[in-house]
Amino acid sequence: MANRTASRPANGQNKICQFKLVLLGESAVGKSSLVLRFVKGQFHEFQESTIGAAFLTQTVCLDDTTVKFEIWDTAGQERYHSLAPMYYRGAQAAIVVYDITNQDTFSRAKTWVKELQRQASPNIVIALAGNKCDLSNKRMVECEEAQAYAEENSLLFMETSAKTAMNVNDIFLAIAKKLPKNDGGSGGNGSSGVSLERTDPSSGGGCCK
Amino acid sequence: MFSKKKPSKIHIETVKMCKNKCGFYGNVQWQGYCSSCWREYNRENLKKTNHKTLPIPKQIVGIDESSDVPKSSPKTERKRRLKDVLKRKIDGKDSQEDRVNPYAQLTESLGKSKKDGALEILKKTRNVVDKIKSGITVENSSDIVQELYNSVAEKLETENAFIKLNMSERRTILDKLEKCVCQLTYSEVFSPPDDEQEDLTLQNRIRSLHWLNAQLLDAGIDETKPAASEALDSAIHAIVDLNSKQTPSDKLECIMLCSQHIMTALKASSDQPVSADNFLPALIFVVLRANPPLLKSNESYIMRFASPERLGSGEQAYYFTNLSGALQFIAQLDADSLSMPYEEFERYMRGEAIPGDPGKVYGCEQLRLMKLNFTVLEELLVGQKSLANEVEMLQTDMINFEQDFRRKLTEVIEKTPISLKKPIAPDAETPTDGSMLPSPLIPQSTGTLASIPVTTCFTGSTFEIDNSDETPSLL
């Protein structure tokens with residue numbers, strides 16, 4: 001569905017872009033912990049959503065733009081796999097998470113990547129996250145292997161740890177940098193971010209809802 | 001409104017044809033008109049009496065439709081009744097709000113904009129409402145409503161007439177616009193026959209899946225915990241309530257409320273952090289448990305008539321997507337999706353067996369509650385006993401303390417006998433007329449008297465214990 005351009009007072013002359021980011025991966029690989037670490041960690045103010053946990057938002061600042069992530073978590077169990085397209089429809093970014101101590105979750109991640117490339121919006125930015133890298137003594141998926149796979153498929157790749165916060169903010173920042181931030185986005189069909197830039201300079205004040 | 005004796009009259013007078021000569025039978029209850037002509041007549045009358053072009057209160061239409069027996073075939077009649085029953089409930093609930101003209105609310109929100117711009121929006125809205133009321137298909141209605149939303153949104157952004165409005169005021173206008181259009185056209189566009197068919201299919205499907213439990217879905221809800229089971233009930237209540245709301249925003253609020261209760265139930269069930277991994281299954285479980293009326297109709301309605309930014313992004317959109325996902329899962333559910341053998345699944349579906357459920361070890365809800373109450377009673381009993389013990393202990397403590405205190409007191413008194421000397425009682429001799437004072441400056445003053453004896457007392461007082469009544473005045 002076409003997103004209408006909405007304006008909102010900006011804290012300065014910054015451009016604000018809003019992006020929908022979907023989180024995919026087998027259950028219990030730490031998708032939610034990763035996001036919670038990102039959202040609640042010491043990184044800008046934490047914007048509590050009404051219900052929390054499954055749907056969260058967080059803002060990161062790049063040089064001249066403020067990127068607002070709207071994070072949609074999905075159920076990871078195999079049986080709910082067929083519902084995933086409803087969630088990644090219209091998403092501008094996706095993080096596919098696997099657990100470095102579990103080879104199966106890595107192959108599952110590969111399936112997700114393949115599906116996203118085939119079915120999601122063509123410009124979607126995909127990041128691969130090898131979570132639980134604090135447990136490197138139990139490692140089953142080699143970093144080099146995942147790195148090679150990511151390069152092959154031109155994905156962003158990082159090994160993360162929600163527990164120690166390693167690379168958590170970095171992966172979101174990397175995605176924010178890679179996302180197209182020009183108003184229209186690049187090339188239609190709903191893949192562009194919603195620009196929240198203030199369009200009417202005379203409309204003063206107002207508070208963020 | 002109608003007299004109570006009408007049933008006896010109906011049978012006698014039904015032979016007369018409608019006064020309007022439309023070919024249907026008239027009825028004395030409707031002043032000789034047939035039901036539909038009577039409705040028309042009524043509508044005209046209402047307009048005249050109101051002097052305003054207020055929309056007809058929906059209650060009247062609802063009642064008329066249900067009494068519209070002669071025209072409808074038995075099948076549609078049955079359906080209509082079902083719908084009417086559900087809809088009438090709505091009308092009853094929201095009647096208060098219904099009487100406030102939705103247009104008036106929209107106009108009010110447009111207050112700050114220039115007159116011509118506001119009038120144009122109102123005119124457009126009225127056009128769309130009239131078009132829908134003229135009986136076009138739901139798909140067309142949806143298209144023109146979405147078009148209206150988009151064009152109004154664009155107008156608010158670009159046109160000069162609305163330049164004074166800030167962001168939240170624009171938002172309010174769009175909200176009121178949605179509310180206005182949806183309230184006025186609800187009975188026309190909600191639950192068309194196709195949707196109704198889907199509702200029935202879904203309802204039957206859910207009924208046939210009655211055996212599914214939280215365990216099989218990975219829902220992670222522990223119903224044996226009172227807090228979880230309570231929150232679950234609230235969630236079920238919220239999703240059933242969905243059908244009683246008339247606007248997409250209200251309906252979406254219901255879904256949010258339901259989701260919130262589910263989160264509470266999940267939090268109460270385990271110490272693990274709640275995530276989408278167990279939220280979606282829990283929502284599916286709630287939908288199965290609740291089997292809400294006209295759920296599919298409600299889903300389609302929201303998709304067709306919610307303003308685009310509601311479903312494009314944001315929290316409401318997320319939880320609505322979850323509900324849609326849950327419905328899709330329920331529709332497609334098979335043995336594979338529950339990772340159980342095909343035969344087993346079929347047996348459950350045929351009702352030949354019921355899967356074991358740790359949450360349902362007691363066979364039925366009442367037994368579970370009874371068991372729960374027993375445990376609570378036991379806990380209370382134990383609590384009461386320990387309380388009684390503590391009270392007893394406190395009592396003995398108090399007695400001991402008193403005895404101890406008495407004993408110590410007597411000891412102390414024995415050790416240090418106090419000999420009371422006879423008081424010298426200086427006060428008795430102290431003259432109160434101030435004659436002992438050094439020559440006062442103003443001898444007639446009585447106001448200073450109170451302070452005067454004190455100074456004199458000090459000079460003459462001793463440090464011995466003084467029993468006289470005047471002691472307090474010394475201090």
# chains A, B, ... in the order shown; residues from 1 in each chain; ligands from 1
$ residues_around --residues "segment 155-168 of chain A" --least-positions-apart "3" --cutoff "9 Å" --atoms "only C-alpha atoms" --output "MDAnalysis selection string"
chainID A and resid 30:31 33:38 41 100 113 125:135 143 146:147 149:152 171:175
$ interface_residues --of "chain B" --to "chain A" --cutoff "8 Å" --atoms "only C-alpha atoms" --output "MDAnalysis selection string"
chainID B and resid 157 163:168 259:260 263 273:280 308:309 312:315 318 321 325 328:329 336:339
$ residues_around --residues "Ser229 of chain B" --least-positions-apart "4" --cutoff "10 Å" --atoms "only C-alpha atoms" --output "PyMOL selection string"
chain B and resi 221-225+233-235+262+264-266+268-269
$ write_last_selection --atoms "C-alpha atoms" --output "compact mmCIF listing (two decimals), in the first residue's frame"
# COMPACT_ATOMS: atom_id res chain seq x y z
CA ILE B 221 0.31 -19.56 27.98
CA ASP B 222 0.00 -21.27 31.31
CA GLU B 223 -3.68 -21.24 32.13
CA THR B 224 -3.15 -22.76 35.54
CA LYS B 225 -1.78 -19.43 36.69
CA ASP B 233 -10.28 -13.83 29.44
CA SER B 234 -9.84 -10.09 29.00
CA ALA B 235 -8.15 -10.68 25.64
CA ILE B 262 -2.19 -11.33 25.51
CA THR B 264 0.08 -9.64 30.02
CA ALA B 265 -0.98 -13.28 29.90
CA LEU B 266 2.36 -14.28 28.38
CA ALA B 268 2.33 -13.94 33.74
CA SER B 269 2.93 -17.39 32.27
$ residues_around --residues "Pro102 of chain B" --least-positions-apart "6" --cutoff "10 Å" --atoms "only C-alpha atoms" --output "ChimeraX atom specification"
/B:54-55,108,176-177,179-184
$ write_last_selection --atoms "all heavy atoms" --output "tab-separated table (two decimals), in the first residue's frame"
chain	number	residue	atom	x	y	z
B	54	LEU	N	-30.33	15.61	8.81
B	54	LEU	CA	-29.68	14.61	9.66
B	54	LEU	C	-29.88	13.22	9.07
B	54	LEU	O	-30.95	12.93	8.52
B	54	LEU	CB	-30.35	14.63	11.03
B	54	LEU	CG	-29.67	15.43	12.12
B	54	LEU	CD1	-30.55	15.44	13.35
B	54	LEU	CD2	-28.33	14.81	12.45
B	55	PRO	N	-28.89	12.38	9.13
B	55	PRO	CA	-29.12	11.01	8.68
B	55	PRO	C	-30.11	10.32	9.59
B	55	PRO	O	-30.19	10.64	10.78
B	55	PRO	CB	-27.75	10.36	8.80
B	55	PRO	CG	-27.03	11.19	9.81
B	55	PRO	CD	-27.56	12.58	9.67
B	108	GLU	N	-16.67	20.54	12.94
B	108	GLU	CA	-16.00	21.12	14.09
B	108	GLU	C	-14.48	21.02	13.96
B	108	GLU	O	-13.76	21.97	14.23
B	108	GLU	CB	-16.48	20.40	15.34
B	108	GLU	CG	-16.21	21.16	16.61
B	108	GLU	CD	-16.48	20.30	17.81
B	108	GLU	OE1	-17.48	19.55	17.80
B	108	GLU	OE2	-15.70	20.38	18.75
B	176	LYS	N	-11.55	12.32	11.79
B	176	LYS	CA	-12.99	12.59	11.83
B	176	LYS	C	-13.63	12.25	10.49
B	176	LYS	O	-14.78	11.79	10.45
B	176	LYS	CB	-13.24	14.07	12.17
B	176	LYS	CG	-12.83	14.45	13.56
B	176	LYS	CD	-13.82	13.97	14.60
B	176	LYS	CE	-13.33	14.34	15.99
B	176	LYS	NZ	-13.78	13.48	17.03
B	177	LEU	N	-12.88	12.51	9.42
B	177	LEU	CA	-13.39	12.18	8.10
B	177	LEU	C	-13.67	10.69	8.01
B	177	LEU	O	-14.75	10.25	7.58
B	177	LEU	CB	-12.36	12.60	7.04
B	177	LEU	CG	-12.71	12.22	5.60
B	177	LEU	CD1	-13.84	13.10	5.10
B	177	LEU	CD2	-11.49	12.39	4.69
B	179	LYS	N	-14.14	8.65	10.46
B	179	LYS	CA	-15.21	8.30	11.37
B	179	LYS	C	-16.56	8.64	10.76
B	179	LYS	O	-17.50	7.84	10.79
B	179	LYS	CB	-15.00	9.08	12.67
B	179	LYS	CG	-15.78	8.54	13.82
B	179	LYS	CD	-15.41	9.26	15.09
B	179	LYS	CE	-16.37	8.88	16.19
B	179	LYS	NZ	-16.20	9.67	17.39
B	180	CYS	N	-16.64	9.83	10.18
B	180	CYS	CA	-17.88	10.31	9.60
B	180	CYS	C	-18.36	9.37	8.49
B	180	CYS	O	-19.48	8.87	8.51
B	180	CYS	CB	-17.65	11.73	9.08
B	180	CYS	SG	-19.00	12.40	8.15
B	181	VAL	N	-17.46	9.12	7.53
B	181	VAL	CA	-17.84	8.28	6.40
B	181	VAL	C	-18.23	6.89	6.88
B	181	VAL	O	-19.24	6.33	6.47
B	181	VAL	CB	-16.67	8.19	5.38
B	181	VAL	CG1	-17.00	7.20	4.29
B	181	VAL	CG2	-16.39	9.55	4.79
B	182	CYS	N	-17.43	6.35	7.79
B	182	CYS	CA	-17.67	4.97	8.21
B	182	CYS	C	-18.95	4.84	9.01
B	182	CYS	O	-19.69	3.87	8.85
B	182	CYS	CB	-16.49	4.44	9.00
B	182	CYS	SG	-15.06	4.23	7.95
B	183	GLN	N	-19.21	5.82	9.87
B	183	GLN	CA	-20.43	5.73	10.67
B	183	GLN	C	-21.68	5.83	9.81
B	183	GLN	O	-22.64	5.11	10.01
B	183	GLN	CB	-20.45	6.85	11.71
B	183	GLN	CG	-19.77	6.44	12.99
B	183	GLN	CD	-19.96	7.49	14.07
B	183	GLN	OE1	-20.33	8.62	13.80
B	183	GLN	NE2	-19.70	7.10	15.30
B	184	LEU	N	-21.61	6.74	8.81
B	184	LEU	CA	-22.80	6.96	8.00
B	184	LEU	C	-23.08	5.80	7.06
B	184	LEU	O	-24.22	5.60	6.65
B	184	LEU	CB	-22.65	8.26	7.21
B	184	LEU	CG	-22.74	9.52	8.05
B	184	LEU	CD1	-22.46	10.74	7.21
B	184	LEU	CD2	-24.13	9.63	8.66
$ select_by_dssp --residues "segment 16-203 of chain A" --states "strand (DSSP E or B)" --output "JSON, numbers by chain"
{"A": [16, 17, 18, 19, 20, 21, 22, 23, 24, 55, 56, 57, 58, 59, 60, 61, 65, 66, 67, 68, 69, 70, 71, 72, 73, 93, 94, 95, 96, 97, 98, 99, 125, 126, 127, 128, 129, 130, 131, 156, 157, 158, 159, 194, 195]}
$ select_by_dssp --residues "segment 279-336 of chain B" --states "alpha helix (DSSP H)" --output "PyMOL selection string"
chain B and resi 279-290+295-305+308-312+315-332
$ atom_distance --atom1 "atom CA of Ala93 of chain A" --atom2 "atom CA of Ile124 of chain A"
5.1 Å
$ atom_distance --atom1 "atom CA of Ser121 of chain A" --atom2 "atom CA of Ser307 of chain B"
22.6 Å
$ atom_distance --atom1 "atom CA of Asp334 of chain B" --atom2 "atom CA of Glu299 of chain B"
22.5 Å
$ decode --residues "segment 61-79 of chain A" --atoms "N, CA, C and O atoms" --output "compact mmCIF listing (two decimals), in the first residue's frame"
# COMPACT_ATOMS: atom_id res chain seq x y z
N CYS A 61 20.73 8.64 14.51
CA CYS A 61 21.09 9.85 13.78
C CYS A 61 22.31 9.60 12.92
O CYS A 61 23.35 9.15 13.41
N LEU A 62 22.16 9.86 11.65
CA LEU A 62 23.33 9.90 10.76
C LEU A 62 23.66 11.37 10.59
O LEU A 62 22.98 12.22 11.13
N ASP A 63 24.67 11.68 9.79
CA ASP A 63 25.15 13.06 9.70
C ASP A 63 24.02 14.09 9.62
O ASP A 63 23.86 14.94 10.48
N ASP A 64 23.22 14.00 8.57
CA ASP A 64 22.20 15.04 8.41
C ASP A 64 20.79 14.47 8.43
O ASP A 64 19.83 15.18 8.23
N THR A 65 20.67 13.19 8.67
CA THR A 65 19.35 12.58 8.65
C THR A 65 19.07 11.83 9.94
O THR A 65 19.99 11.29 10.57
N THR A 66 17.83 11.83 10.30
CA THR A 66 17.40 11.02 11.43
C THR A 66 16.64 9.84 10.85
O THR A 66 15.69 10.02 10.10
N VAL A 67 17.10 8.66 11.19
CA VAL A 67 16.46 7.47 10.65
C VAL A 67 15.64 6.82 11.76
O VAL A 67 16.16 6.49 12.81
N LYS A 68 14.36 6.70 11.49
CA LYS A 68 13.49 6.07 12.49
C LYS A 68 13.17 4.66 12.04
O LYS A 68 12.59 4.46 10.97
N PHE A 69 13.56 3.69 12.85
CA PHE A 69 13.27 2.30 12.52
C PHE A 69 11.97 1.87 13.19
O PHE A 69 11.76 2.12 14.37
N GLU A 70 11.16 1.21 12.41
CA GLU A 70 9.96 0.60 12.96
C GLU A 70 10.21 -0.90 12.86
O GLU A 70 10.26 -1.43 11.75
N ILE A 71 10.41 -1.55 13.97
CA ILE A 71 10.90 -2.93 13.93
C ILE A 71 9.76 -3.92 14.13
O ILE A 71 9.08 -3.91 15.17
N TRP A 72 9.56 -4.78 13.15
CA TRP A 72 8.49 -5.78 13.19
C TRP A 72 9.13 -7.15 13.46
O TRP A 72 9.87 -7.67 12.63
N ASP A 73 8.84 -7.70 14.59
CA ASP A 73 9.35 -9.03 14.92
C ASP A 73 8.39 -10.08 14.35
O ASP A 73 7.20 -9.83 14.22
N THR A 74 8.93 -11.24 13.99
CA THR A 74 8.06 -12.30 13.45
C THR A 74 8.23 -13.57 14.27
O THR A 74 9.25 -13.76 14.93
N ALA A 75 7.24 -14.43 14.20
CA ALA A 75 7.35 -15.72 14.89
C ALA A 75 8.29 -16.61 14.07
O ALA A 75 8.14 -16.72 12.86
N GLY A 76 9.25 -17.23 14.75
CA GLY A 76 10.29 -17.94 14.02
C GLY A 76 9.99 -19.40 13.71
O GLY A 76 10.65 -20.01 12.88
N GLN A 77 8.98 -19.96 14.38
CA GLN A 77 8.73 -21.38 14.20
C GLN A 77 8.39 -21.70 12.74
O GLN A 77 7.73 -20.94 12.08
N GLU A 78 8.86 -22.87 12.34
CA GLU A 78 8.65 -23.33 10.95
C GLU A 78 7.17 -23.24 10.55
O GLU A 78 6.84 -22.84 9.44
N ARG A 79 6.29 -23.59 11.47
CA ARG A 79 4.87 -23.68 11.11
C ARG A 79 4.27 -22.33 10.76
O ARG A 79 3.24 -22.26 10.10
